[in-house]
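Shown below: input-v1.txt, with compact mmCIF, C-alpha atoms.
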```
# COMPACT_ATOMS: atom_id res chain seq x y z
CA PRO A 770 -15.32 25.92 24.55
CA LEU A 771 -12.22 23.75 24.36
CA THR A 772 -13.79 21.06 22.15
CA HIS A 773 -15.02 23.67 19.63
CA SER A 774 -11.69 25.49 19.25
CA GLN A 775 -9.75 25.00 16.03
CA CYS A 776 -6.56 25.84 17.91
CA TYR A 777 -6.35 26.21 21.70
CA LEU A 778 -3.02 27.28 23.21
CA PHE A 779 -2.45 26.56 26.93
CA LYS A 780 0.99 27.98 27.81
CA ILE A 781 1.85 26.87 31.33
CA HIS A 782 5.56 27.69 31.60
CA GLY A 783 8.90 28.21 29.84
CA ASP A 784 9.01 31.83 28.67
CA TYR A 785 12.11 33.73 29.75
CA LYS A 786 10.64 37.01 28.50
CA ASP A 787 7.73 37.04 30.93
CA ALA A 788 8.30 36.84 34.66
CA ARG A 789 4.68 35.88 35.26
CA ILE A 790 5.22 32.50 33.55
CA LEU A 791 6.50 29.62 35.71
CA ASN A 792 10.17 28.83 35.16
CA THR A 793 12.10 27.76 38.24
CA ASP A 794 12.14 24.25 39.63
CA ALA A 795 10.19 25.39 42.69
CA GLU A 796 7.60 27.14 40.52
CA LEU A 797 7.19 24.06 38.37
CA GLY A 798 6.59 21.79 41.37
CA ALA A 799 2.88 22.56 41.43
CA TYR A 800 0.31 24.36 39.28
CA PRO A 801 -2.67 26.45 40.34
CA THR A 802 -5.87 24.46 40.83
CA ALA A 803 -7.39 25.84 37.64
CA PHE A 804 -4.31 24.72 35.65
CA ASP A 805 -4.50 21.22 37.09
CA ALA A 806 -8.20 20.92 36.30
CA LEU A 807 -7.67 21.96 32.66
CA LEU A 808 -4.65 19.66 32.25
CA ASP A 809 -6.61 16.73 33.66
CA ARG A 810 -9.34 17.35 31.13
CA ILE A 811 -6.93 17.66 28.17
CA ILE A 812 -5.04 14.47 29.03
CA ASP A 813 -8.27 12.53 29.65
CA GLU A 814 -10.35 13.77 26.71
CA PHE A 815 -7.88 14.17 23.84
CA GLY A 816 -5.16 12.26 22.01
CA LEU A 817 -1.66 13.57 22.66
CA ILE A 818 1.59 14.06 20.76
CA VAL A 819 4.51 14.80 23.07
CA ALA A 820 7.25 16.70 21.24
CA GLY A 821 10.42 18.21 22.70
CA TRP A 822 9.98 17.05 26.31
CA SER A 823 12.22 14.53 28.05
CA GLY A 824 9.76 13.85 30.86
CA GLU A 825 12.58 14.47 33.37
CA TRP A 826 11.51 17.85 34.66
CA ASP A 827 8.31 19.88 35.08
CA HIS A 828 7.17 17.89 38.09
CA ALA A 829 3.62 19.22 38.06
CA LEU A 830 3.21 18.22 34.43
CA ARG A 831 4.59 14.77 35.20
CA SER A 832 2.06 14.50 38.01
CA ALA A 833 -0.75 15.39 35.61
CA PHE A 834 0.30 12.53 33.30
CA LEU A 835 0.62 10.05 36.16
CA ARG A 836 -2.76 10.82 37.73
CA ALA A 837 -4.72 10.71 34.42
CA PRO A 838 -7.66 8.35 35.06
CA SER A 839 -7.91 6.66 31.63
CA ARG A 840 -6.26 6.04 28.27
CA ARG A 841 -9.31 6.40 26.05
CA TYR A 842 -7.27 8.19 23.35
CA PRO A 843 -3.73 7.36 22.16
CA THR A 844 -0.50 9.14 23.08
CA PHE A 845 2.48 9.45 20.74
CA TRP A 846 5.91 10.38 22.16
CA LEU A 847 8.47 11.85 19.75
CA SER A 848 12.07 10.95 20.51
CA ARG A 849 15.35 11.85 18.77
CA GLY A 850 17.32 9.22 20.68
CA GLN A 851 17.16 7.09 23.81
CA VAL A 852 14.20 7.89 26.07
CA SER A 853 15.14 8.75 29.67
CA ASP A 854 14.07 6.52 32.54
CA ARG A 855 11.60 9.08 33.87
CA GLY A 856 10.27 9.65 30.39
CA GLN A 857 9.85 5.88 29.95
CA GLU A 858 7.80 5.83 33.16
CA LEU A 859 5.30 8.24 31.60
CA ILE A 860 5.29 6.30 28.32
CA ASP A 861 4.53 3.06 30.16
CA ARG A 862 1.79 4.71 32.21
CA ARG A 863 0.08 6.15 29.11
CA LYS A 864 0.84 3.09 26.92
CA ALA A 865 2.31 5.64 24.51
CA VAL A 866 3.75 4.84 21.10
CA VAL A 867 7.35 6.05 20.74
CA VAL A 868 8.03 7.66 17.34
CA LYS A 869 11.59 8.32 16.21
CA ALA A 870 11.76 11.79 14.70
CA GLY A 871 14.73 13.90 13.58
CA ASP A 872 13.13 17.17 14.58
CA ALA A 873 9.66 18.55 15.24
CA ASP A 874 9.51 20.70 12.09
CA LEU A 875 10.11 17.76 9.76
CA PHE A 876 7.77 15.50 11.72
CA PHE A 877 4.80 17.86 11.82
CA SER A 878 5.17 19.11 8.25
CA GLY A 879 5.41 15.48 7.07
CA LEU A 880 2.40 14.50 9.18
CA ASN A 881 0.39 17.38 7.75
CA SER A 882 1.29 16.35 4.19
CA LYS A 883 0.19 12.75 4.84
CA LEU A 884 -3.09 13.88 6.38
CA GLU A 885 -3.83 16.07 3.37
CA THR A 886 -3.19 13.09 1.08
CA ILE A 887 -5.55 10.92 3.12
CA GLN A 888 -8.20 13.63 3.06
CA GLN A 889 -7.94 13.97 -0.71
CA SER A 890 -8.05 10.22 -1.34
CA ARG A 891 -10.41 9.10 1.41
CA GLN A 892 -13.22 6.86 0.31
CA LEU A 893 -16.62 8.39 0.62
CA ASN A 894 -18.71 6.95 3.41
CA PRO A 895 -19.75 3.47 2.17
CA VAL A 896 -22.97 3.74 4.17
CA ASP A 897 -23.87 6.83 2.13
CA ALA A 898 -23.08 4.99 -1.11
CA ASP A 899 -25.18 1.99 -0.05
CA MET A 900 -28.04 4.32 0.83
CA SER A 901 -27.82 6.06 -2.57
CA VAL A 902 -27.92 2.72 -4.39
CA ALA A 903 -30.91 1.55 -2.32
CA MET A 904 -32.75 4.83 -3.03
CA ALA A 905 -32.00 4.54 -6.75
CA LYS A 906 -33.46 1.03 -6.86
CA ARG A 907 -36.60 2.23 -5.08
CA PHE A 908 -36.99 5.17 -7.47
CA LEU A 909 -36.44 2.94 -10.52
CA ALA A 910 -39.27 0.66 -9.37
CA ARG A 911 -41.82 3.49 -9.53
CA PRO A 912 -42.25 5.61 -12.68
CA GLU A 913 -43.60 8.49 -10.61
CA HIS A 914 -40.21 8.75 -8.87
CA ARG A 915 -38.27 9.65 -12.02
CA ILE A 916 -37.71 13.22 -10.83
CA GLN A 917 -36.26 11.98 -7.52
CA LEU A 918 -33.95 9.61 -9.41
CA ASP A 919 -32.78 12.47 -11.62
CA ASP A 920 -32.12 14.64 -8.57
CA LEU A 921 -30.23 11.86 -6.78
CA PHE A 922 -27.99 11.06 -9.73
CA CYS A 923 -27.31 14.70 -10.64
CA ALA A 924 -26.45 15.54 -7.03
CA GLU A 925 -23.91 12.69 -6.92
CA THR A 926 -22.47 13.78 -10.28
CA ARG A 927 -22.06 17.38 -9.12
CA LYS A 928 -20.40 16.19 -5.92
CA ILE A 929 -17.88 14.03 -7.80
CA ILE A 930 -17.06 16.78 -10.32
CA ALA A 931 -16.58 19.26 -7.45
CA HIS A 932 -14.24 16.77 -5.77
CA PHE A 933 -12.10 16.37 -8.89
CA SER A 934 -12.05 20.02 -9.97
CA PRO A 935 -9.16 21.05 -7.65
CA VAL A 936 -7.49 17.63 -8.01
CA PHE A 937 -7.35 17.84 -11.81
CA ALA A 938 -5.92 21.36 -11.66
CA VAL A 939 -2.80 20.31 -9.71
CA ASP A 940 0.22 18.77 -11.36
CA GLN A 941 3.40 19.51 -9.40
CA THR A 942 2.34 17.92 -6.09
CA ARG A 943 1.26 14.77 -7.93
CA ARG A 944 4.81 14.25 -9.21
CA GLN A 945 5.83 13.49 -5.63
CA GLU A 946 3.26 10.68 -5.36
CA GLN A 947 3.18 7.19 -6.81
CA PRO A 948 0.87 6.83 -9.86
CA THR A 949 -0.91 4.04 -8.01
CA ASP A 950 -1.96 6.67 -5.44
CA TRP A 951 -3.73 8.60 -8.21
CA VAL A 952 -5.52 5.44 -9.28
CA LEU A 953 -6.74 4.62 -5.76
CA ASP A 954 -7.93 8.19 -5.25
CA TYR A 955 -9.90 8.13 -8.51
CA GLU A 956 -11.43 4.73 -7.82
CA SER A 957 -12.56 5.49 -4.27
CA ALA A 958 -14.00 8.92 -5.08
CA THR A 959 -15.83 7.72 -8.21
CA GLU A 960 -17.19 4.44 -6.86
CA PRO A 961 -20.58 5.76 -5.58
CA LEU A 962 -21.38 7.27 -8.99
CA VAL A 963 -20.18 4.12 -10.78
CA ARG A 964 -22.44 1.95 -8.64
CA LEU A 965 -25.42 4.22 -9.32
CA SER A 966 -24.67 4.10 -13.05
CA ALA A 967 -24.49 0.29 -13.03
CA VAL A 968 -27.86 0.08 -11.25
CA ILE A 969 -29.44 2.46 -13.79
CA GLY A 970 -27.97 0.38 -16.61
CA ARG A 971 -29.38 -2.80 -15.09
CA TRP A 972 -32.90 -1.64 -14.24
CA GLY A 973 -33.35 1.76 -15.91
CA SER A 974 -34.96 2.69 -19.18
CA ASP A 975 -34.11 4.70 -22.27
CA ASN A 976 -35.28 7.80 -20.37
CA ASP A 977 -32.30 7.51 -18.01
CA HIS A 978 -29.67 7.18 -20.75
CA LYS A 979 -28.86 10.89 -20.96
CA LEU A 980 -28.31 11.09 -17.20
CA VAL A 981 -25.26 8.87 -17.43
CA LEU A 982 -24.04 10.36 -20.72
CA ASP A 983 -24.03 13.81 -19.09
CA ALA A 984 -22.11 12.47 -16.08
CA VAL A 985 -19.41 10.90 -18.27
CA ALA A 986 -19.18 14.01 -20.45
CA GLY A 987 -18.98 16.25 -17.36
CA LEU A 988 -16.12 14.30 -15.80
CA TYR A 989 -14.34 14.09 -19.15
CA ALA A 990 -14.65 17.85 -19.72
CA GLU A 991 -13.40 18.61 -16.20
CA ALA A 992 -10.33 16.46 -16.82
CA GLN A 993 -9.53 18.43 -19.99
CA LYS A 994 -9.64 21.94 -18.48
CA VAL A 995 -5.92 21.80 -17.64
CA GLN A 996 -3.93 20.18 -20.45
CA SER A 997 -0.34 20.91 -19.46
CA GLY A 998 1.88 18.98 -17.08
CA TYR A 999 3.23 15.53 -16.32
CA ARG A 1000 2.38 13.12 -19.18
CA ASN A 1001 1.31 10.18 -17.02
CA TRP A 1002 -0.76 12.52 -14.87
CA LEU A 1003 -2.62 13.84 -17.91
CA ALA A 1004 -3.22 10.33 -19.24
CA GLN A 1005 -4.80 9.21 -15.96
CA LYS A 1006 -7.22 12.12 -15.65
CA HIS A 1007 -9.77 10.42 -17.94
CA TYR A 1008 -9.97 7.41 -15.62
CA PRO A 1009 -12.97 8.62 -13.51
CA ALA A 1010 -15.06 9.24 -16.64
CA ALA A 1011 -14.04 5.82 -17.95
CA LEU A 1012 -15.12 4.11 -14.71
CA VAL A 1013 -18.62 5.60 -14.93
CA PHE A 1014 -18.74 4.54 -18.60
CA TYR A 1015 -17.78 0.97 -17.64
CA GLY A 1016 -20.25 0.79 -14.75
CA TYR A 1017 -23.18 1.85 -16.90
CA GLY A 1018 -22.02 -0.34 -19.78
CA MET A 1019 -21.86 -3.44 -17.58
CA GLY A 1020 -25.32 -2.70 -16.19
CA LEU A 1021 -26.62 -2.54 -19.78
CA THR A 1022 -24.75 -5.73 -20.64
CA LYS A 1023 -26.29 -7.56 -17.69
CA SER A 1024 -29.80 -6.41 -18.61
CA GLY A 1025 -29.38 -7.35 -22.26
CA ARG A 1026 -30.07 -3.78 -23.39
CA LEU A 1027 -27.65 -4.09 -26.29
CA GLY A 1028 -29.21 -1.35 -28.39
CA GLU A 1029 -28.64 1.13 -25.54
CA LEU A 1030 -25.11 -0.20 -25.10
CA PHE A 1031 -24.33 0.39 -28.78
CA LYS A 1032 -25.68 3.94 -28.46
CA LEU A 1033 -23.48 4.43 -25.39
CA PHE A 1034 -20.40 3.38 -27.35
CA ASP A 1035 -21.37 5.75 -30.18
CA ALA A 1036 -22.17 8.73 -27.92
CA PRO A 1037 -19.99 11.77 -28.75
CA LEU A 1038 -17.23 13.20 -26.53
CA GLN A 1039 -15.51 16.51 -27.23
CA ASN A 1040 -11.73 16.00 -27.10
CA LYS A 1041 -10.41 19.56 -26.73
CA HIS A 1042 -6.80 18.40 -26.75
CA ARG A 1043 -7.14 16.78 -30.20
CA GLY A 1044 -9.68 19.33 -31.41
CA ARG A 1045 -12.32 16.85 -32.52
CA ILE A 1046 -15.37 14.92 -31.39
CA GLN A 1047 -14.89 11.19 -30.83
CA SER A 1048 -17.24 8.44 -29.70
CA MET A 1049 -17.07 7.41 -26.04
CA ASN A 1050 -15.68 4.01 -26.95
CA ALA A 1051 -12.99 5.63 -29.10
CA GLU A 1052 -11.84 7.67 -26.09
CA LEU A 1053 -12.53 5.40 -23.10
CA ALA A 1054 -12.34 1.75 -24.27
CA PRO A 1055 -10.45 -0.33 -21.69
CA PHE A 1056 -7.63 -1.26 -24.07
CA LEU A 1057 -7.10 2.43 -24.91
CA ILE A 1058 -6.89 3.50 -21.26
CA GLU A 1059 -4.39 0.68 -20.76
CA SER A 1060 -2.26 1.56 -23.78
CA HIS A 1061 -1.98 5.23 -22.78
CA SER A 1062 -0.37 4.43 -19.41
CA ARG A 1063 0.49 0.73 -19.32
CA GLN A 1064 3.47 1.30 -17.02
CA VAL A 1065 1.10 2.57 -14.31
CA TRP A 1066 -1.06 -0.56 -14.40
CA ASN A 1067 1.99 -2.83 -14.47
CA THR A 1068 3.07 -1.39 -11.08
CA PHE A 1069 0.18 -3.04 -9.25
CA GLU A 1070 1.03 -6.17 -7.30
CA GLY A 1071 0.98 -9.29 -9.42
CA GLN A 1072 0.66 -7.33 -12.69
CA GLU A 1073 4.32 -6.53 -13.33
CA ARG A 1074 4.51 -8.77 -16.41
CA ALA A 1075 0.81 -8.96 -17.28
CA LYS A 1076 -0.20 -8.31 -20.89
CA ALA A 1077 -3.52 -6.73 -19.88
CA PRO A 1078 -2.92 -5.29 -16.36
CA PHE A 1079 -5.68 -2.69 -16.56
CA SER A 1080 -8.31 -5.16 -17.74
CA ASN A 1081 -7.18 -7.55 -15.01
CA ARG A 1082 -7.70 -4.88 -12.37
CA LEU A 1083 -11.19 -4.12 -13.62
CA ALA A 1084 -12.16 -7.80 -13.83
CA SER A 1085 -10.70 -9.05 -10.55
CA VAL A 1086 -10.73 -6.02 -8.23
CA LEU A 1087 -13.23 -3.34 -9.19
CA VAL A 1088 -16.14 -5.18 -10.81
CA PRO A 1089 -16.44 -7.66 -7.88
CA ARG A 1090 -16.89 -4.61 -5.61
CA TRP A 1091 -19.70 -3.23 -7.77
CA ALA A 1092 -21.31 -6.54 -8.74
CA PRO A 1093 -23.51 -7.12 -5.65
CA ASP A 1094 -25.58 -4.07 -6.63
CA PHE A 1095 -26.65 -5.36 -10.05
CA ALA A 1096 -24.98 -8.58 -11.25
CA GLY A 1097 -26.98 -11.18 -9.36
CA ILE A 1098 -25.21 -14.53 -9.18
CA GLU A 1099 -23.25 -14.13 -12.42
CA SER A 1100 -19.46 -14.23 -12.14
CA PRO A 1101 -18.20 -10.61 -12.03
CA GLU A 1102 -15.14 -11.53 -14.10
CA LEU A 1103 -17.26 -13.16 -16.80
CA LEU A 1104 -19.58 -10.16 -16.86
CA TYR A 1105 -16.62 -7.84 -17.35
CA GLU A 1106 -15.16 -10.05 -20.10
CA ARG A 1107 -18.50 -10.09 -21.95
CA PHE A 1108 -18.63 -6.29 -21.72
CA GLU A 1109 -15.04 -6.03 -22.98
CA PHE A 1110 -15.87 -8.29 -25.93
CA LEU A 1111 -18.74 -5.96 -26.86
CA CYS A 1112 -16.33 -3.01 -26.58
CA LEU A 1113 -14.01 -4.85 -28.96
CA LEU A 1114 -16.80 -5.57 -31.47
CA HIS A 1115 -17.72 -1.88 -31.55
CA PHE A 1116 -14.06 -0.90 -31.74
CA MET A 1117 -13.67 -3.00 -34.88
CA LYS A 1118 -16.36 -0.83 -36.45
CA LEU A 1119 -14.57 2.34 -35.37
CA ARG A 1120 -11.34 1.06 -36.96
CA ASN A 1121 -13.32 0.11 -40.06
CA VAL A 1122 -12.18 -3.51 -39.82
CA ASN A 1123 -15.05 -4.74 -41.98
CA GLN A 1124 -15.56 -8.21 -43.42
CA GLU A 1125 -13.10 -7.64 -46.26
CA SER A 1126 -10.42 -6.29 -43.92
CA LEU A 1127 -10.99 -9.09 -41.44
CA ASN A 1128 -10.66 -11.74 -44.19
CA SER A 1129 -7.41 -10.15 -45.32
CA MET A 1130 -6.01 -10.15 -41.76
CA ILE A 1131 -6.97 -13.79 -41.29
CA GLU A 1132 -5.36 -14.79 -44.62
CA ARG A 1133 -2.13 -12.98 -43.69
CA SER A 1134 -2.13 -14.33 -40.10
CA GLN A 1135 -2.33 -10.75 -38.77
CA THR A 1136 -5.30 -11.26 -36.46
CA LYS A 1137 -3.18 -10.56 -33.37
CA GLN A 1138 -3.73 -6.91 -34.28
CA ILE A 1139 -7.32 -7.28 -33.09
CA SER A 1140 -6.47 -9.26 -29.95
CA LEU A 1141 -6.92 -6.45 -27.46
CA GLY A 1142 -7.39 -6.48 -23.70
CA ARG A 1143 -8.14 -9.38 -21.40
CA ILE A 1144 -10.68 -11.01 -23.72
CA SER A 1145 -7.85 -12.09 -26.04
CA LEU A 1146 -6.03 -13.87 -23.19
CA VAL A 1147 -8.73 -15.79 -21.32
CA GLU A 1148 -9.24 -18.85 -23.51
CA GLU A 1149 -12.18 -20.29 -21.57
CA THR A 1150 -14.13 -17.05 -21.98
CA ILE A 1151 -13.59 -16.91 -25.74
CA LEU A 1152 -14.85 -20.46 -26.11
CA ARG A 1153 -17.83 -19.73 -23.88
CA LEU A 1154 -18.75 -16.61 -25.87
CA ALA A 1155 -18.39 -18.54 -29.14
CA ASN A 1156 -20.82 -21.15 -27.82
CA GLU A 1157 -23.27 -18.50 -26.57
CA TYR A 1158 -23.36 -16.57 -29.83
CA SER A 1159 -23.77 -19.75 -31.88
CA THR A 1160 -27.44 -19.76 -30.77
CA ASP A 1161 -30.11 -17.53 -32.30
CA GLU A 1162 -31.30 -16.51 -28.83
CA ASN A 1163 -28.02 -14.72 -28.06
CA ARG A 1164 -26.78 -13.91 -31.56
CA THR A 1165 -29.84 -12.19 -33.00
CA PRO A 1166 -30.16 -9.37 -30.39
CA LEU A 1167 -26.42 -8.70 -30.73
CA LEU A 1168 -26.57 -8.31 -34.50
CA GLU A 1169 -29.82 -6.33 -34.42
CA ALA A 1170 -28.19 -3.83 -32.03
CA GLY A 1171 -25.52 -3.13 -34.68
CA PHE A 1172 -22.57 -5.14 -33.36
CA ALA A 1173 -20.34 -7.10 -35.77
CA PHE A 1174 -21.66 -4.95 -38.64
CA GLY A 1175 -24.92 -6.88 -38.18
CA SER A 1176 -23.29 -9.86 -39.86
CA GLU A 1177 -23.48 -13.43 -38.57
CA LYS A 1178 -20.44 -14.40 -40.65
CA TYR A 1179 -18.39 -11.49 -39.31
CA LEU A 1180 -19.17 -12.47 -35.72
CA GLU A 1181 -18.27 -16.10 -36.40
CA ASP A 1182 -15.02 -15.18 -38.16
CA LEU A 1183 -13.93 -12.76 -35.44
CA LEU A 1184 -14.57 -15.26 -32.66
CA GLY A 1185 -12.71 -17.88 -34.69
CA ALA A 1186 -9.72 -15.53 -35.05
CA LEU A 1187 -9.70 -14.83 -31.30
CA GLN A 1188 -9.83 -18.54 -30.53
CA ALA A 1189 -6.95 -19.23 -32.92
CA ASP A 1190 -4.79 -16.50 -31.35
CA ALA A 1191 -5.58 -17.80 -27.88
CA GLY A 1192 -4.36 -21.28 -28.83
CA TRP A 1193 -7.60 -23.18 -29.41
```

How does this structure look as structure tokens?
Amino acid sequence: PLTHSQCYLFKIHGDYKDARILNTDAELGAYPTAFDALLDRIIDEFGLIVAGWSGEWDHALRSAFLRAPSRRYPTFWLSRGQVSDRGQELIDRRKAVVVKAGDADLFFSGLNSKLETIQQSRQLNPVDADMSVAMAKRFLARPEHRIQLDDLFCAETRKIIAHFSPVFAVDQTRRQEQPTDWVLDYESATEPLVRLSAVIGRWGSDNDHKLVLDAVAGLYAEAQKVQSGYRNWLAQKHYPAALVFYGYGMGLTKSGRLGELFKLFDAPLQNKHRGRIQSMNAELAPFLIESHSRQVWNTFEGQERAKAPFSNRLASVLVPRWAPDFAGIESPELLYERFEFLCLLHFMKLRNVNQESLNSMIERSQTKQISLGRISLVEETILRLANEYSTDENRTPLLEAGFAFGSEKYLEDLLGALQADAGW
């Protein structure tokens, strides 16, 4: 059937090698009844691209265009120059869009390339993502549904890894694209898994922790399979794993599960390129992702001169998209900034900036070395966090989880240094 054919060729005229094909003006004045019926169906039921036809001749074909009963699908008319009067008549009748094209080969090869790019970067059906999030919340509410939750999350993880496997393996074609295109592709394809991870962080339990760790490790390992090629391309391949890491981390931050968050930061990742095992926060912290490819993040609109363009994108663009699933009425930007501050506290431990080192940096006015990411630039947030952690209710769980070396003085001194650098 016509609608089920991948390619259906209806050759009605124009072949000088075959005398059975219509060619002369008289022959082209009318088609057999069966031809007319099929043409009527094609013009009525399908979108059209007209290439290489002036619309001047082929009277029977002109008649088919003119008698078409509807314009339910669009028509595009390729033109190398001025459209003829008779061609314009058909364009007006079909409400066609005229497209200037040098030649058909360049047009169709270019169109095919654009369609492939759209297919690779298309956002997964948001209805499917919403359904997955709703199912996850229902499963989390009932302990007996733990197996279903595991199946749902693992299925989404496998789907995302399968999506990125061929993408990560290609380097040359990506050189022809803008780096921002890579970013948008990664964000749209990863978003369903990020949203699921955030929901599990917000309402899950310790039993679900390994689910997300495996997802991050799986994406990270897939990105490292091919380690040769364009430098910026290689640097960006860890972004999907980082997004899942951030989603889960912000869910844990919102729920106050700081012990689990500290374990997330400490979880090991195998870096095959460097030949060693690092903690997740040492590989995927926001300020590290930013530093590895800052020029990419500075290309986004409004971020050309920003000091923390990547953190700004997370706080103002991505997190607000995820927040309705798990953040309640809290400001998405503030939630991100609190998460980034906790990343920074853990990062100080990784860099072994202990109390003695911190005192030395403060004495030498070198604390700008620890002012990383957006948290060091948003003065109101630093002051708000300093006020929050001045109370036992907020400070004690933080220190008991292992942040700030478990030291009240360290936390106070670090916040003081951040406030001083921010101009307070």

Distance table requested - range 1063-1169 of chain A against range 1174-1182 of chain A, cut-off 7 Å, all atoms listed in the file: one row per qualifying residue with the closest atom pair and its distance in Å to one decimal, ordered by chain and rising residue number, as JSON lines.
```
{"residue": "A:Gln1124", "atom": "CA", "partner": "A:Tyr1179", "partner_atom": "CA", "distance": 6.0}
{"residue": "A:Leu1168", "atom": "CA", "partner": "A:Gly1175", "partner_atom": "CA", "distance": 4.3}
{"residue": "A:Glu1169", "atom": "CA", "partner": "A:Gly1175", "partner_atom": "CA", "distance": 6.2}
```

Problem set entry | Neighbour list for Gln1047 in chain A as a PyMOL selection string, cut-off 8 Å, all atoms listed in the file, skip fewer than 6 positions in-chain | chain A and resi 1037-1040

Problem set entry | Polymer residues at most 12 Å from Thr802 in chain A, all atoms listed in the file, same-chain spacing of 5 or more positions, as a PyMOL selection string | chain A and resi 807-809+829+833

Problem set entry | Exercise: Val819 in chain A partners within 9 Å, all atoms listed in the file, chain neighbours under 5 positions left out, as a list of chain:residue names | A:Thr844, A:Phe845, A:Trp846, A:Leu847, A:Ser848

Dump as a short mmCIF file (atom, residue, chain, number, x, y, z; two decimals), keeping the file's coordinate frame, selection limited to C-alpha atoms:
```
data_model
loop_
_atom_site.label_atom_id
_atom_site.label_comp_id
_atom_site.auth_asym_id
_atom_site.auth_seq_id
_atom_site.Cartn_x
_atom_site.Cartn_y
_atom_site.Cartn_z
CA THR A 844 -0.50 9.14 23.08
CA PHE A 845 2.48 9.45 20.74
CA TRP A 846 5.91 10.38 22.16
CA LEU A 847 8.47 11.85 19.75
CA SER A 848 12.07 10.95 20.51
#
```

For this session: Find, counting only C-alpha atoms, the residue in A:Ala992, A:Ile916, A:Leu1021, A:Leu953 that gets nearest to Ser934 in chain A.
Result: A:Ala992

Problem set entry | Ref. answer, residues at most 12 Å from (-27.0, 2.6, -28.9) with only C-alpha atoms, as a VMD selection string | chain A and resid 975 978 to 979 982 1018 1021 to 1022 1026 to 1037 1048 to 1050 1115 1167 1169 to 1172

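Each of A:Phe1069, A:Trp972, A:Tyr1158, A:Phe1108 was checked against Asp1094 in chain A using all atoms listed in the file; the smallest atom-to-atom distance is that of A:Trp972.
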
For this session: Could you check how far CA of Tyr989 in chain A sits from CA of Ala1092 in chain A, in Å to one decimal?
Result: 24.1 Å

For this session: Considering only C-alpha atoms, return as a ChimeraX atom specification whatever protein or nucleic-acid residues lie within 7 Å of Leu918 in chain A, sequence-local ones (same chain, fewer than 4 positions apart) excluded.
Result: /A:905,908,914,922

Those same residues, written as a PDB file, in the coordinates of the input with C-alpha atoms?
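Dumped everything to again-v8.pdb:
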```
ATOM      1  CA  ALA A 905     -32.000   4.540  -6.750  1.00  0.00           C
ATOM      2  CA  PHE A 908     -36.990   5.170  -7.470  1.00  0.00           C
ATOM      3  CA  HIS A 914     -40.210   8.750  -8.870  1.00  0.00           C
ATOM      4  CA  PHE A 922     -27.990  11.060  -9.730  1.00  0.00           C
TER       5      PHE A 922
END
```

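Note that the spacing between CA of Leu1103 in chain A and CA of Leu1187 in chain A amounts to 16.4 Å.
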